[in-house]
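Working notes, beginning with the structure itself.
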Amino acid sequence: MNLAILTSGGDAPGMNAAIRALVRSGLAKNHSLWGIPRGFEGLLRGSPTPLLAASVANILMTGGTMLRTSRFVEFQQEAVRLQAVQSLNQWGMNGLVVLGGNGSLAGAYELSQAGVPVIGIPASIDNDIAETDYSIGFDTAVNNIVASIDKIRDTASAHERIFVVQVMGNHSGNLAIAAGLACGAEAIIIPECLTDYDIIEERLRHTYARGKRHSFIIVAEGAGDAQTVAQEIAGRTGHEAKWVVLGHTQRGGPPTARDRIMAALFANTALQLLDQGQQGLMVAAQAETMNAVPLKDAVAGHKTAPMHWKSLAEILAR
Ligand code: F6P
């Protein structure tokens, strides 16, 4: 079979590991693998590149995506998607693997509805894709945040300051909650719930009263901006509050071992599904097993944030 691969939306560390695994597993099954540049846009304005075993050498340990990516909003138009279907037919593709987050998987679902044999792989640092416990890139992003906060902690402690750290997550608090639990944050502000500043103030006063020399508040970008939160906190507590926006440092760098391993497992299952003639599915990690779920279900909603982790983080930081 001629199998095309594309990466779409925000890049996620581990996408390259997944591309490598798709190519090497596919070649082992005698398929021809093709890379589509710049996500869905490449289906209209690009051409497929053959991917050989050597094409994917030395990418296992790199972040970003060798295929490049784009946020191609025109793909929401049916006429544009039909052109993409025509391209895939002209190129003689028998299958397509799409790696990306919610928007990209929605695009994959629409292509499958238009008759393209598509398999989706969840890849987004937000880890907010329904039906799957995990999406590629999340572990690396959490570790990137933890590494930054561990550095900030030294200076925060020396100056007895409060730090408000803004992390990614426009619609989702998953990154903020995981990083907050891993870093001992006093408060985690996320888009999924309202922020009660009285409670945060009380918590900060409590920790300072017991002699704590620094405090962290993690805010997901979709819930507000760090500067405004820092001003509110400083005004209420009388303590100096600094703010940091970690930005795209969270999304780059070598993928962790977990992301590389998950990428290999997701890719291998995607290949198995295509071999079985299945389509319109997303590979889903569920309780340490790789299963397949309808793309339709995966894009029907968002996975809820683990609110019990948020509560635990707040108890542990007291
Ligand atoms: O979806 C992944 C993500 O990193 C979000 O957490 C963030 O809101 C968004 O992408 C940022 O996108 P961009 O790099 O296009 O600004």
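Ordering of the structure tokens sets the chain letters (A, B, ...), residue numbers begin anew at 1 in every chain, and ligands are numbered from 1 in the order given.
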(message) Using only C-alpha atoms and all ligand atoms, which residues have at least one atom no more than 9 Å from ligand 1? Output them as a list in words.
(response) Gly9, Gly10, Asp11, Ala12, Ser70, Arg71, Gly100, Gly101, Asn102, Gly103, Ser124, Ile125, Asp126, Asn127, Asp128, Val167, Met168, Gly169, Asn170, His171, Ser172, Leu175, Ala220, Glu221, Gly222, Gly247, His248, Gln250 and Arg251 of chain A
Selected residues written out with N, CA and C atoms, as a CSV table (one decimal), in the first residue's frame:
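Saved the output as again05.csv:
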```csv
chain,number,residue,atom,x,y,z
A,9,GLY,N,-1.4,21.0,13.1
A,9,GLY,CA,-1.6,21.8,14.3
A,9,GLY,C,-0.4,22.0,15.1
A,10,GLY,N,-0.5,22.2,16.4
A,10,GLY,CA,0.7,22.5,17.2
A,10,GLY,C,1.6,21.2,17.2
A,11,ASP,N,2.9,21.4,17.0
A,11,ASP,CA,3.8,20.3,17.1
A,11,ASP,C,3.9,19.7,18.5
A,12,ALA,N,4.2,18.5,18.6
A,12,ALA,CA,4.3,17.9,19.9
A,12,ALA,C,5.6,17.0,20.0
A,70,SER,N,1.2,22.9,10.2
A,70,SER,CA,0.5,24.2,10.0
A,70,SER,C,-0.8,24.2,10.7
A,71,ARG,N,-1.4,25.4,10.9
A,71,ARG,CA,-2.8,25.5,11.4
A,71,ARG,C,-3.5,26.0,10.1
A,100,GLY,N,-2.0,14.6,15.4
A,100,GLY,CA,-2.3,16.0,15.8
A,100,GLY,C,-3.3,16.0,17.0
A,101,GLY,N,-3.8,17.2,17.3
A,101,GLY,CA,-4.7,17.3,18.5
A,101,GLY,C,-6.1,17.4,18.0
A,102,ASN,N,-7.0,18.0,18.8
A,102,ASN,CA,-8.4,18.0,18.5
A,102,ASN,C,-8.8,18.5,17.1
A,103,GLY,N,-8.3,19.6,16.7
A,103,GLY,CA,-8.7,20.2,15.4
A,103,GLY,C,-8.2,19.3,14.3
A,124,SER,N,-0.6,15.9,21.1
A,124,SER,CA,-0.8,17.3,21.5
A,124,SER,C,-0.3,17.4,22.9
A,125,ILE,N,0.5,18.4,23.2
A,125,ILE,CA,1.0,18.6,24.6
A,125,ILE,C,-0.2,18.8,25.6
A,126,ASP,N,-1.4,19.2,25.1
A,126,ASP,CA,-2.5,19.5,25.9
A,126,ASP,C,-3.1,18.2,26.6
A,127,ASN,N,-2.9,17.1,25.9
A,127,ASN,CA,-3.5,15.8,26.4
A,127,ASN,C,-5.0,15.9,26.8
A,128,ASP,N,-5.7,16.6,25.9
A,128,ASP,CA,-7.1,16.8,26.1
A,128,ASP,C,-8.0,16.2,25.1
A,167,VAL,N,1.4,28.6,31.9
A,167,VAL,CA,1.7,27.5,31.0
A,167,VAL,C,0.7,27.4,29.9
A,168,MET,N,1.0,26.5,28.9
A,168,MET,CA,0.0,26.4,27.7
A,168,MET,C,-1.2,25.7,28.2
A,169,GLY,N,-2.2,25.7,27.3
A,169,GLY,CA,-3.5,25.1,27.5
A,169,GLY,C,-4.6,26.1,27.4
A,170,ASN,N,-5.0,26.3,26.1
A,170,ASN,CA,-6.0,27.3,25.8
A,170,ASN,C,-7.4,26.9,26.3
A,171,HIS,N,-7.7,25.7,26.2
A,171,HIS,CA,-9.0,25.2,26.6
A,171,HIS,C,-8.9,24.2,27.7
A,172,SER,N,-7.7,23.8,28.1
A,172,SER,CA,-7.5,22.7,29.0
A,172,SER,C,-6.5,23.0,30.1
A,175,LEU,N,-2.1,20.4,31.5
A,175,LEU,CA,-0.7,20.7,31.7
A,175,LEU,C,-0.5,21.3,33.1
A,220,ALA,N,-3.1,28.3,33.6
A,220,ALA,CA,-3.2,27.8,32.2
A,220,ALA,C,-3.6,29.0,31.4
A,221,GLU,N,-3.0,29.2,30.2
A,221,GLU,CA,-3.2,30.4,29.4
A,221,GLU,C,-4.6,30.7,29.1
A,222,GLY,N,-5.4,29.7,29.0
A,222,GLY,CA,-6.9,29.9,28.7
A,222,GLY,C,-7.6,30.4,29.9
A,247,GLY,N,5.7,29.9,27.7
A,247,GLY,CA,5.5,29.9,26.2
A,247,GLY,C,6.0,28.7,25.5
A,248,HIS,N,6.6,28.9,24.4
A,248,HIS,CA,6.9,27.7,23.5
A,248,HIS,C,8.1,26.9,24.0
A,250,GLN,N,7.9,25.2,26.4
A,250,GLN,CA,7.3,23.9,26.9
A,250,GLN,C,7.2,22.9,25.8
A,251,ARG,N,7.1,23.4,24.5
A,251,ARG,CA,6.7,22.5,23.4
A,251,ARG,C,8.0,21.9,22.7
```
(request) Please provide the set of residues having any atom within 8 Å of Ala300 (chain A), restricted to only C-alpha atoms, with same-chain residues fewer than 3 positions apart removed, written as a list in words. (result)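 These residues fall inside the cut-off: Ala130, Lys296 and Asp297 of chain A.
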Keeping all heavy atoms, export the residues of the selection given above as a compact mmCIF listing (two decimals), in the first residue's frame.
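What landed in result.txt:
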```
# COMPACT_ATOMS: atom_id res chain seq x y z
N ALA A 130 -10.40 13.37 23.70
CA ALA A 130 -11.35 12.42 24.29
C ALA A 130 -10.98 10.98 23.90
O ALA A 130 -10.34 10.75 22.87
CB ALA A 130 -12.76 12.73 23.80
N LYS A 296 -15.02 9.66 15.19
CA LYS A 296 -16.24 10.41 15.50
C LYS A 296 -16.36 10.65 17.02
O LYS A 296 -16.68 11.74 17.47
CB LYS A 296 -17.43 9.60 15.00
CG LYS A 296 -18.77 10.26 15.05
CD LYS A 296 -19.75 9.36 14.30
CE LYS A 296 -21.08 10.03 14.07
NZ LYS A 296 -21.94 10.02 15.21
N ASP A 297 -16.08 9.60 17.82
CA ASP A 297 -16.19 9.73 19.28
C ASP A 297 -15.06 10.57 19.83
O ASP A 297 -15.23 11.34 20.78
CB ASP A 297 -16.15 8.34 19.95
CG ASP A 297 -17.35 7.50 19.57
OD1 ASP A 297 -18.30 8.06 19.00
OD2 ASP A 297 -17.33 6.28 19.83
```
(request) Report as a PyMOL selection string: the residues of region 198-231 of chain A with a DSSP assignment of helix (DSSP H, G or I), based on the backbone of this structure. (result) chain A and resi 198-209+221-223+226-231
(request) From a DSSP calculation on the backbone, collect every residue of region 22-114 of chain A in strand (DSSP E) and output the set as a PyMOL selection string. (result) chain A and resi 32-35+49-51+95-100
(request) Identify, on the basis of only C-alpha atoms, every residue whose closest approach to Asn58 (chain A) does not exceed 10 Å; exclude the query and any residue fewer than 6 positions from it along the same chain; express the result as a list in words. (result) Asn16, Ala17 and Arg20 of chain A
(message) One decimal, in Å: what's the spacing between CA of Leu271 (chain A) and CA of Met15 (chain A)?
(response)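 Computing the Euclidean distance for CA of Leu271 (chain A) and CA of Met15 (chain A) yields 15.4 Å.
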Can you pull out the residues contacting region 302-316 of chain A? Cut-off 9 Å, using only C-alpha atoms, and skip same-chain residues under 4 positions away; I want them as a CSV table (one decimal) with N, CA, C and O atoms, in the first residue's frame.
```csv
chain,number,residue,atom,x,y,z
A,102,ASN,N,-7.0,18.0,18.8
A,102,ASN,CA,-8.4,18.0,18.5
A,102,ASN,C,-8.8,18.5,17.1
A,102,ASN,O,-9.6,17.8,16.4
A,127,ASN,N,-2.9,17.1,25.9
A,127,ASN,CA,-3.5,15.8,26.4
A,127,ASN,C,-5.0,15.9,26.8
A,127,ASN,O,-5.5,15.4,27.8
A,128,ASP,N,-5.7,16.6,25.9
A,128,ASP,CA,-7.1,16.8,26.1
A,128,ASP,C,-8.0,16.2,25.1
A,128,ASP,O,-9.2,16.6,24.9
A,129,ILE,N,-7.5,15.1,24.5
A,129,ILE,CA,-8.3,14.4,23.4
A,129,ILE,C,-9.1,13.4,24.1
A,129,ILE,O,-8.6,12.5,24.9
A,130,ALA,N,-10.4,13.4,23.7
A,130,ALA,CA,-11.4,12.4,24.3
A,130,ALA,C,-11.0,11.0,23.9
A,130,ALA,O,-10.3,10.8,22.9
A,131,GLU,N,-11.4,10.0,24.7
A,131,GLU,CA,-11.3,8.6,24.5
A,131,GLU,C,-9.9,8.0,24.7
A,131,GLU,O,-9.7,6.8,24.6
A,132,THR,N,-8.9,8.9,24.8
A,132,THR,CA,-7.5,8.3,25.0
A,132,THR,C,-6.9,8.9,26.3
A,132,THR,O,-7.1,10.0,26.6
A,133,ASP,N,-6.3,8.0,27.0
A,133,ASP,CA,-5.6,8.4,28.3
A,133,ASP,C,-4.5,9.3,28.0
A,133,ASP,O,-4.1,10.1,28.9
A,172,SER,N,-7.7,23.8,28.1
A,172,SER,CA,-7.5,22.7,29.0
A,172,SER,C,-6.5,23.0,30.1
A,172,SER,O,-5.5,23.6,29.9
A,173,GLY,N,-6.8,22.5,31.3
A,173,GLY,CA,-5.9,22.6,32.4
A,173,GLY,C,-5.1,21.4,32.7
A,173,GLY,O,-4.4,21.3,33.7
A,174,ASN,N,-5.0,20.5,31.7
A,174,ASN,CA,-4.2,19.3,32.0
A,174,ASN,C,-2.8,19.5,32.3
A,174,ASN,O,-2.2,18.9,33.2
A,176,ALA,N,-1.4,22.3,33.3
A,176,ALA,CA,-1.3,23.1,34.6
A,176,ALA,C,-1.4,22.2,35.8
A,176,ALA,O,-0.7,22.3,36.8
A,177,ILE,N,-2.4,21.3,35.7
A,177,ILE,CA,-2.6,20.4,36.9
A,177,ILE,C,-1.5,19.5,37.1
A,177,ILE,O,-1.0,19.3,38.2
A,178,ALA,N,-1.0,18.8,36.0
A,178,ALA,CA,0.1,17.9,36.2
A,178,ALA,C,1.3,18.6,36.7
A,178,ALA,O,2.0,18.1,37.6
A,180,GLY,N,1.5,21.4,38.3
A,180,GLY,CA,1.2,21.9,39.7
A,180,GLY,C,1.4,20.8,40.7
A,180,GLY,O,2.0,21.0,41.8
A,181,LEU,N,0.9,19.6,40.4
A,181,LEU,CA,1.1,18.4,41.3
A,181,LEU,C,2.6,18.1,41.4
A,181,LEU,O,3.1,17.7,42.5
A,182,ALA,N,3.3,18.1,40.3
A,182,ALA,CA,4.7,17.7,40.3
A,182,ALA,C,5.6,18.8,40.9
A,182,ALA,O,6.7,18.4,41.4
A,183,CYS,N,5.1,20.0,41.0
A,183,CYS,CA,6.0,21.1,41.5
A,183,CYS,C,5.6,21.6,42.9
A,183,CYS,O,6.2,22.5,43.4
A,184,GLY,N,4.5,21.1,43.4
A,184,GLY,CA,4.0,21.6,44.7
A,184,GLY,C,3.4,23.0,44.7
A,184,GLY,O,3.6,23.8,45.6
A,185,ALA,N,2.7,23.3,43.6
A,185,ALA,CA,2.1,24.6,43.5
A,185,ALA,C,1.0,24.8,44.5
A,185,ALA,O,0.3,23.9,44.8
A,186,GLU,N,0.9,26.1,45.0
A,186,GLU,CA,-0.1,26.4,46.0
A,186,GLU,C,-1.5,26.5,45.4
A,186,GLU,O,-2.5,26.3,46.0
A,187,ALA,N,-1.5,27.0,44.1
A,187,ALA,CA,-2.8,27.1,43.5
A,187,ALA,C,-2.6,26.8,42.0
A,187,ALA,O,-1.5,27.1,41.4
A,188,ILE,N,-3.7,26.3,41.4
A,188,ILE,CA,-3.6,26.0,39.9
A,188,ILE,C,-4.9,26.6,39.4
A,188,ILE,O,-6.0,26.3,39.8
A,192,GLU,N,-11.2,25.3,33.2
A,192,GLU,CA,-12.4,24.4,33.5
A,192,GLU,C,-13.2,24.9,34.7
A,192,GLU,O,-14.3,24.4,34.9
A,203,ARG,N,-4.7,30.5,51.4
A,203,ARG,CA,-3.7,29.4,51.3
A,203,ARG,C,-2.3,30.0,51.3
A,203,ARG,O,-1.4,29.5,52.0
A,298,ALA,N,-13.9,10.4,19.2
A,298,ALA,CA,-12.7,11.1,19.7
A,298,ALA,C,-12.9,12.7,19.6
A,298,ALA,O,-12.3,13.4,20.4
```
(message) Would you compute the distance between CA of Ala114 (chain A) and CA of Leu3 (chain A)? Give it in Å to one decimal.
(response)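 Rounded to one decimal, the two atoms are 17.1 Å apart.
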